[in-house]
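Participant: This is the structure I have questions about; it appears just below.
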Amino acid sequence: MLPPSSIPGRLEMSPEPLTGIVEMSLWSDILTNRILTGISIILVAGHILMYLRTLPSVLQCLGRNRLNIELEHSYNMSKQRNLCALYLALPFCLVVGRYRLYRPVFMADIPETWQTPAIAGVLFAFLLLRHIMHLAARPKRVPNEVVQSAHHVLLTFFIPLTFIMLATVGILSVVSCSDSVIKSALLWEAAGAYLLAMIREMQILVSYCSGFSTILYLCTSELAPALVLVASAVKL
């Protein structure tokens, strides 16, 4: 009988570390990401009461057109909705950067330290372009409050979308899903939320103007900026 020390053994585990763990380690080692993550936690946790007050109204707006107009009519609620979306922009950008949901060619030369701030800049540019297109194409005969409520539907959907994305990251990370699986799930969630926001916008506007004017407005203020964003990320 061979002594225990002489029994041949075989390593069943891969000698290479899991790619997702390595990428997470590298991403979290970047000082900028660590600072921004801390700031995002403070922003969300420090305003948790505001989120608890706002979320019921926001969730109701997802299912009923009229409530979007009522929310816009309430100065306090619309202001809190806008602030909630603003504070969630940073966690959203961190998730986008961590899982490379948006990594166009023109950002390849940007150091990893500044990738998340660059993504935040792209998000700001997208919202600015969207607002400019909104001003250029807004229906003239529709009450301003209705137009604004339709335009701000995206902010309303953005709040639950970001919480869902954060929950997705947490749950799929716990069950050891690969980064590619998490990335796919996040992209589907973002695309679904954007599509549902457009449908809700259409439902609000079509009650006040013709179907042609509604489609023209949505193509100009929503589809055009979205296509610009997607085109910038496509590798030719």
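Scheme for the structure tokens: letters A, B, ... for chains in order shown; per-chain residue numbers from 1; ligand numbers from 1 in order shown.
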Taking a cut-off of 12 Å and counting only C-alpha atoms, can you build a table that, for each residue of range 174-231 of chain A near range 152-169 of chain A, reports the nearest atom pair and how far apart they are in Å (one decimal), sorted by chain then residue number, as a tab-separated table?
Facilitator:
```
residue	atom	partner	partner_atom	distance
A:Val174	CA	A:Val169	CA	8.5
A:Val175	CA	A:Val169	CA	10.2
A:Ser176	CA	A:Val169	CA	10.4
A:Cys177	CA	A:Val169	CA	9.4
A:Ser178	CA	A:Val169	CA	10.7
A:Asp179	CA	A:Val169	CA	9.4
A:Ser180	CA	A:Val169	CA	11.7
A:Val181	CA	A:Val169	CA	10.2
A:Ile182	CA	A:Val169	CA	6.6
A:Lys183	CA	A:Val169	CA	9.0
A:Ser184	CA	A:Thr168	CA	10.9
A:Ala185	CA	A:Thr168	CA	7.8
A:Leu186	CA	A:Met165	CA	6.1
A:Leu187	CA	A:Met165	CA	9.3
A:Trp188	CA	A:Met165	CA	10.2
A:Glu189	CA	A:Leu161	CA	7.3
A:Ala190	CA	A:Leu161	CA	7.0
A:Ala191	CA	A:Leu161	CA	10.1
A:Gly192	CA	A:Leu161	CA	9.3
A:Ala193	CA	A:Phe157	CA	6.5
A:Tyr194	CA	A:Leu154	CA	7.2
A:Leu195	CA	A:Leu154	CA	9.8
A:Leu196	CA	A:Phe157	CA	8.2
A:Ala197	CA	A:Leu154	CA	5.6
A:Met198	CA	A:Leu154	CA	7.8
A:Ile199	CA	A:Val153	CA	9.9
A:Arg200	CA	A:Val153	CA	7.3
A:Glu201	CA	A:Val153	CA	6.5
A:Met202	CA	A:Val153	CA	10.3
A:Gln203	CA	A:Val153	CA	11.1
A:Ile204	CA	A:Val153	CA	9.7
A:Leu205	CA	A:Val153	CA	11.5
A:Ser221	CA	A:Leu154	CA	11.4
A:Glu222	CA	A:Leu154	CA	9.5
```
Participant: Restricting the output to N, CA, C and O atoms, write the selected residues as a short mmCIF file (atom, residue, chain, number, x, y, z; two decimals), in the first residue's frame.
Facilitator:
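Produced file again_12.cif, reproduced below:
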```cif
data_model
loop_
_atom_site.label_atom_id
_atom_site.label_comp_id
_atom_site.auth_asym_id
_atom_site.auth_seq_id
_atom_site.Cartn_x
_atom_site.Cartn_y
_atom_site.Cartn_z
N VAL A 174 -24.34 36.76 -7.35
CA VAL A 174 -24.38 35.80 -6.25
C VAL A 174 -24.42 34.37 -6.78
O VAL A 174 -23.79 33.46 -6.20
N VAL A 175 -25.14 34.16 -7.87
CA VAL A 175 -25.25 32.80 -8.43
C VAL A 175 -24.13 32.51 -9.43
O VAL A 175 -24.20 31.54 -10.19
N SER A 176 -23.13 33.38 -9.44
CA SER A 176 -21.90 33.17 -10.24
C SER A 176 -22.15 33.12 -11.74
O SER A 176 -21.53 32.32 -12.45
N CYS A 177 -23.03 33.97 -12.23
CA CYS A 177 -23.21 34.07 -13.68
C CYS A 177 -22.03 34.83 -14.29
O CYS A 177 -21.43 35.69 -13.64
N SER A 178 -21.72 34.52 -15.52
CA SER A 178 -20.61 35.18 -16.20
C SER A 178 -20.98 36.62 -16.54
O SER A 178 -22.15 36.99 -16.60
N ASP A 179 -19.95 37.42 -16.80
CA ASP A 179 -20.18 38.81 -17.16
C ASP A 179 -21.00 38.93 -18.45
O ASP A 179 -21.81 39.84 -18.59
N SER A 180 -20.80 38.02 -19.39
CA SER A 180 -21.53 38.08 -20.65
C SER A 180 -23.03 37.85 -20.42
O SER A 180 -23.87 38.51 -21.07
N VAL A 181 -23.37 36.96 -19.51
CA VAL A 181 -24.79 36.72 -19.19
C VAL A 181 -25.39 37.95 -18.52
O VAL A 181 -26.50 38.39 -18.86
N ILE A 182 -24.67 38.51 -17.57
CA ILE A 182 -25.15 39.71 -16.88
C ILE A 182 -25.30 40.86 -17.87
O ILE A 182 -26.30 41.61 -17.84
N LYS A 183 -24.33 41.02 -18.75
CA LYS A 183 -24.39 42.09 -19.75
C LYS A 183 -25.61 41.95 -20.64
O LYS A 183 -26.32 42.92 -20.91
N SER A 184 -25.88 40.74 -21.10
CA SER A 184 -27.05 40.50 -21.96
C SER A 184 -28.34 40.84 -21.23
O SER A 184 -29.24 41.48 -21.79
N ALA A 185 -28.45 40.42 -19.97
CA ALA A 185 -29.65 40.70 -19.19
C ALA A 185 -29.84 42.21 -19.02
O ALA A 185 -30.97 42.73 -19.16
N LEU A 186 -28.78 42.92 -18.73
CA LEU A 186 -28.87 44.36 -18.53
C LEU A 186 -29.25 45.08 -19.82
O LEU A 186 -30.06 46.03 -19.79
N LEU A 187 -28.71 44.65 -20.94
CA LEU A 187 -29.04 45.28 -22.22
C LEU A 187 -30.51 45.06 -22.57
O LEU A 187 -31.19 45.98 -23.06
N TRP A 188 -31.01 43.85 -22.32
CA TRP A 188 -32.43 43.57 -22.59
C TRP A 188 -33.33 44.41 -21.69
O TRP A 188 -34.37 44.91 -22.12
N GLU A 189 -32.94 44.57 -20.44
CA GLU A 189 -33.73 45.39 -19.52
C GLU A 189 -33.76 46.84 -19.96
O GLU A 189 -34.83 47.48 -19.96
N ALA A 190 -32.61 47.37 -20.36
CA ALA A 190 -32.55 48.77 -20.80
C ALA A 190 -33.36 48.98 -22.07
O ALA A 190 -34.11 49.97 -22.19
N ALA A 191 -33.22 48.06 -23.02
CA ALA A 191 -33.98 48.18 -24.27
C ALA A 191 -35.48 48.06 -24.03
O ALA A 191 -36.28 48.82 -24.61
N GLY A 192 -35.87 47.14 -23.16
CA GLY A 192 -37.29 46.98 -22.84
C GLY A 192 -37.87 48.21 -22.18
O GLY A 192 -38.99 48.63 -22.51
N ALA A 193 -37.13 48.80 -21.24
CA ALA A 193 -37.61 49.99 -20.54
C ALA A 193 -37.75 51.15 -21.52
O ALA A 193 -38.73 51.92 -21.44
N TYR A 194 -36.81 51.30 -22.44
CA TYR A 194 -36.88 52.40 -23.42
C TYR A 194 -38.08 52.21 -24.35
O TYR A 194 -38.79 53.18 -24.66
N LEU A 195 -38.31 50.99 -24.77
CA LEU A 195 -39.45 50.70 -25.65
C LEU A 195 -40.77 50.98 -24.92
O LEU A 195 -41.68 51.61 -25.48
N LEU A 196 -40.89 50.53 -23.66
CA LEU A 196 -42.11 50.77 -22.90
C LEU A 196 -42.33 52.26 -22.65
O LEU A 196 -43.47 52.74 -22.66
N ALA A 197 -41.24 53.00 -22.43
CA ALA A 197 -41.36 54.45 -22.24
C ALA A 197 -41.89 55.11 -23.50
O ALA A 197 -42.73 56.03 -23.43
N MET A 198 -41.42 54.67 -24.66
CA MET A 198 -41.92 55.23 -25.92
C MET A 198 -43.40 54.92 -26.12
O MET A 198 -44.17 55.77 -26.59
N ILE A 199 -43.80 53.71 -25.76
CA ILE A 199 -45.22 53.34 -25.89
C ILE A 199 -46.07 54.20 -24.98
O ILE A 199 -47.14 54.68 -25.37
N ARG A 200 -45.60 54.43 -23.75
CA ARG A 200 -46.35 55.27 -22.83
C ARG A 200 -46.43 56.71 -23.35
O ARG A 200 -47.46 57.36 -23.25
N GLU A 201 -45.34 57.22 -23.91
CA GLU A 201 -45.35 58.56 -24.51
C GLU A 201 -46.39 58.64 -25.61
O GLU A 201 -47.15 59.61 -25.70
N MET A 202 -46.41 57.64 -26.47
CA MET A 202 -47.36 57.61 -27.58
C MET A 202 -48.79 57.60 -27.06
O MET A 202 -49.65 58.33 -27.58
N GLN A 203 -49.06 56.83 -26.02
CA GLN A 203 -50.40 56.75 -25.46
C GLN A 203 -50.85 58.08 -24.87
O GLN A 203 -52.03 58.44 -24.93
N ILE A 204 -49.91 58.82 -24.30
CA ILE A 204 -50.25 60.13 -23.73
C ILE A 204 -50.56 61.14 -24.83
O ILE A 204 -51.56 61.86 -24.77
N LEU A 205 -49.72 61.18 -25.86
CA LEU A 205 -49.84 62.20 -26.90
C LEU A 205 -50.99 61.94 -27.87
O LEU A 205 -51.61 62.87 -28.36
N SER A 221 -37.75 62.87 -31.47
CA SER A 221 -37.25 63.13 -30.12
C SER A 221 -36.75 61.88 -29.39
O SER A 221 -36.00 61.99 -28.42
N GLU A 222 -37.16 60.71 -29.84
CA GLU A 222 -36.77 59.48 -29.15
C GLU A 222 -35.93 58.56 -30.03
O GLU A 222 -34.82 58.16 -29.64
#
```
Participant: Enumerate the residues of range 51-229 of chain A with a DSSP assignment of helix (DSSP H, G or I), computed from the backbone, and present them as a ChimeraX atom specification.
Facilitator: /A:51-61,65-73,75-98,105-107,112-137,144-151,153-174,179-205,211-229
Participant: Which residues are near Leu43 in chain A? Cut-off 8 Å, only C-alpha atoms, ignore same chain within fewer than 4 positions. Put them as a PDB file with N, CA, C and O atoms, in the first residue's frame.
Facilitator:
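Contents of out25.pdb, as written:
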```pdb
ATOM      1  N   ILE A  39     -19.660  57.543  -3.596  1.00  0.00           N
ATOM      2  CA  ILE A  39     -20.548  58.702  -3.745  1.00  0.00           C
ATOM      3  C   ILE A  39     -21.960  58.258  -4.105  1.00  0.00           C
ATOM      4  O   ILE A  39     -22.948  58.784  -3.571  1.00  0.00           O
ATOM      5  N   HIS A  47     -30.834  59.646   0.507  1.00  0.00           N
ATOM      6  CA  HIS A  47     -32.148  60.142   0.080  1.00  0.00           C
ATOM      7  C   HIS A  47     -33.168  59.010   0.014  1.00  0.00           C
ATOM      8  O   HIS A  47     -34.109  59.059  -0.776  1.00  0.00           O
ATOM      9  N   TYR A  87     -29.959  61.352  -9.076  1.00  0.00           N
ATOM     10  CA  TYR A  87     -29.091  60.642  -8.144  1.00  0.00           C
ATOM     11  C   TYR A  87     -28.797  59.217  -8.602  1.00  0.00           C
ATOM     12  O   TYR A  87     -27.779  58.636  -8.243  1.00  0.00           O
TER      13      TYR A  87
END
```
Participant: What is the CA of Ile30 in chain A-CA of Asn82 in chain A distance in Å, reported with one decimal?
Facilitator: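 Value for the CA of Ile30 in chain A-CA of Asn82 in chain A distance: 29.7 Å.
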Participant: Kindly provide the residues of range 174-222 of chain A that approach range 125-140 of chain A to within 12 Å, each paired with its closest atom pair and their distance in Å to one decimal, based on only C-alpha atoms, listed by chain and increasing number, as a Markdown table.
Facilitator:
```
| residue | atom | partner | partner_atom | distance |
| --- | --- | --- | --- | --- |
| A:Leu205 | CA | A:Pro139 | CA | 8.9 |
| A:Val206 | CA | A:Pro139 | CA | 10.8 |
| A:Tyr208 | CA | A:Pro139 | CA | 9.3 |
| A:Cys209 | CA | A:Pro139 | CA | 7.6 |
| A:Ser210 | CA | A:Pro139 | CA | 9.7 |
| A:Gly211 | CA | A:Pro139 | CA | 11.3 |
| A:Phe212 | CA | A:Pro139 | CA | 10.7 |
| A:Ser213 | CA | A:Pro139 | CA | 6.9 |
| A:Thr214 | CA | A:Pro139 | CA | 7.8 |
| A:Ile215 | CA | A:Ala137 | CA | 10.6 |
| A:Leu216 | CA | A:Ala137 | CA | 7.7 |
| A:Tyr217 | CA | A:Ala137 | CA | 5.4 |
| A:Leu218 | CA | A:Ala137 | CA | 8.6 |
| A:Cys219 | CA | A:Ala137 | CA | 9.3 |
| A:Thr220 | CA | A:Met133 | CA | 6.1 |
| A:Ser221 | CA | A:Met133 | CA | 4.8 |
| A:Glu222 | CA | A:Arg130 | CA | 6.6 |
```
Participant: May I have the selected residues written with N, CA, C and O atoms, as an mmCIF file, in the first residue's frame?
Facilitator:
```cif
data_model
loop_
_atom_site.group_PDB
_atom_site.id
_atom_site.type_symbol
_atom_site.label_atom_id
_atom_site.label_comp_id
_atom_site.auth_asym_id
_atom_site.auth_seq_id
_atom_site.Cartn_x
_atom_site.Cartn_y
_atom_site.Cartn_z
ATOM 1 N N LEU A 205 -49.718 61.179 -25.863
ATOM 2 C CA LEU A 205 -49.844 62.202 -26.898
ATOM 3 C C LEU A 205 -50.985 61.938 -27.867
ATOM 4 O O LEU A 205 -51.605 62.871 -28.363
ATOM 5 N N VAL A 206 -51.258 60.653 -28.148
ATOM 6 C CA VAL A 206 -52.251 60.340 -29.161
ATOM 7 C C VAL A 206 -53.648 60.791 -28.741
ATOM 8 O O VAL A 206 -54.539 60.928 -29.592
ATOM 9 N N TYR A 208 -54.230 63.701 -27.637
ATOM 10 C CA TYR A 208 -54.287 65.155 -27.822
ATOM 11 C C TYR A 208 -53.899 65.599 -29.222
ATOM 12 O O TYR A 208 -54.099 66.768 -29.573
ATOM 13 N N CYS A 209 -53.329 64.710 -30.024
ATOM 14 C CA CYS A 209 -52.967 65.086 -31.392
ATOM 15 C C CYS A 209 -53.085 63.862 -32.291
ATOM 16 O O CYS A 209 -53.316 62.742 -31.812
ATOM 17 N N SER A 210 -52.918 64.066 -33.590
ATOM 18 C CA SER A 210 -53.104 62.978 -34.541
ATOM 19 C C SER A 210 -52.008 61.927 -34.400
ATOM 20 O O SER A 210 -50.935 62.184 -33.849
ATOM 21 N N GLY A 211 -52.325 60.751 -34.916
ATOM 22 C CA GLY A 211 -51.349 59.673 -34.865
ATOM 23 C C GLY A 211 -50.091 59.998 -35.643
ATOM 24 O O GLY A 211 -48.979 59.647 -35.220
ATOM 25 N N PHE A 212 -50.253 60.702 -36.776
ATOM 26 C CA PHE A 212 -49.082 61.067 -37.584
ATOM 27 C C PHE A 212 -48.166 62.020 -36.813
ATOM 28 O O PHE A 212 -46.942 61.847 -36.824
ATOM 29 N N SER A 213 -48.750 63.030 -36.159
ATOM 30 C CA SER A 213 -47.951 63.983 -35.390
ATOM 31 C C SER A 213 -47.238 63.287 -34.232
ATOM 32 O O SER A 213 -46.088 63.597 -33.921
ATOM 33 N N THR A 214 -47.928 62.331 -33.613
ATOM 34 C CA THR A 214 -47.319 61.586 -32.508
ATOM 35 C C THR A 214 -46.122 60.761 -32.974
ATOM 36 O O THR A 214 -45.054 60.778 -32.351
ATOM 37 N N ILE A 215 -46.306 60.046 -34.090
ATOM 38 C CA ILE A 215 -45.215 59.221 -34.623
ATOM 39 C C ILE A 215 -44.047 60.094 -35.056
ATOM 40 O O ILE A 215 -42.873 59.760 -34.801
ATOM 41 N N LEU A 216 -44.350 61.234 -35.700
ATOM 42 C CA LEU A 216 -43.291 62.143 -36.127
ATOM 43 C C LEU A 216 -42.502 62.661 -34.935
ATOM 44 O O LEU A 216 -41.256 62.731 -34.973
ATOM 45 N N TYR A 217 -43.212 63.002 -33.869
ATOM 46 C CA TYR A 217 -42.547 63.502 -32.663
ATOM 47 C C TYR A 217 -41.668 62.420 -32.031
ATOM 48 O O TYR A 217 -40.512 62.685 -31.664
ATOM 49 N N LEU A 218 -42.182 61.206 -31.920
ATOM 50 C CA LEU A 218 -41.419 60.125 -31.310
ATOM 51 C C LEU A 218 -40.190 59.762 -32.146
ATOM 52 O O LEU A 218 -39.122 59.487 -31.590
ATOM 53 N N CYS A 219 -40.346 59.763 -33.467
ATOM 54 C CA CYS A 219 -39.201 59.460 -34.330
ATOM 55 C C CYS A 219 -38.104 60.508 -34.176
ATOM 56 O O CYS A 219 -36.910 60.179 -34.212
ATOM 57 N N THR A 220 -38.517 61.763 -33.992
ATOM 58 C CA THR A 220 -37.544 62.851 -33.892
ATOM 59 C C THR A 220 -36.918 62.928 -32.511
ATOM 60 O O THR A 220 -35.692 63.034 -32.368
ATOM 61 N N SER A 221 -37.750 62.869 -31.470
ATOM 62 C CA SER A 221 -37.247 63.126 -30.115
ATOM 63 C C SER A 221 -36.754 61.879 -29.390
ATOM 64 O O SER A 221 -35.998 61.987 -28.416
ATOM 65 N N GLU A 222 -37.164 60.711 -29.836
ATOM 66 C CA GLU A 222 -36.770 59.475 -29.150
ATOM 67 C C GLU A 222 -35.926 58.556 -30.026
ATOM 68 O O GLU A 222 -34.819 58.160 -29.638
#
```
Participant: Report, in Å with one decimal, the straight-line distance from CA of Val58 in chain A to CA of Ala45 in chain A.
Facilitator: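 For CA of Val58 in chain A relative to CA of Ala45 in chain A, the distance reads 18.5 Å.
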Participant: Which residues come within 12 Å of Arg34 in chain A, counting only C-alpha atoms, excluding same-chain residues fewer than 3 positions away, as an MDAnalysis selection string?
Facilitator: chainID A and resid 24:31 37:41 91 94 98 113 116
Participant: When distances are computed from only C-alpha atoms, which of A:Lys79, A:Arg64, A:Val122, A:Ile171 shows the smallest separation from Pro225 in chain A?
Facilitator: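 Answer, going by the shortest atom-to-atom distance: A:Val122.
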Participant: Which of these residues is nearest to Val105 in chain A, using only C-alpha atoms: A:Ala150, A:Ser232, A:Leu36, A:Leu123?
Facilitator: A:Ser232
Participant: Find the spatial neighbours of Glu145 in chain A, counting only C-alpha atoms, within a cut-off of 8 Å - ignore same-chain residues fewer than 3 positions away - and output them as a count of residues only.
Facilitator: 5
Participant: Interatomic distance between CA of Ser78 in chain A and CA of Arg141 in chain A?
Facilitator: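 Straight-line distance from CA of Ser78 in chain A to CA of Arg141 in chain A works out to 22.8 Å.
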Participant: Please list as number ranges by chain every residue within 10 Å of Met107 in chain A, counting only C-alpha atoms and excluding residues in the same chain fewer than 6 positions away.
Facilitator: A: 114-115, 118-119, 233
Participant: Considering only C-alpha atoms, return as a ChimeraX atom specification whatever protein or nucleic-acid residues lie within 12 Å of Pro56 in chain A, sequence-local ones (same chain, fewer than 2 positions apart) excluded.
Facilitator: /A:50-54,58-63,67,71,77,81,156,159-160
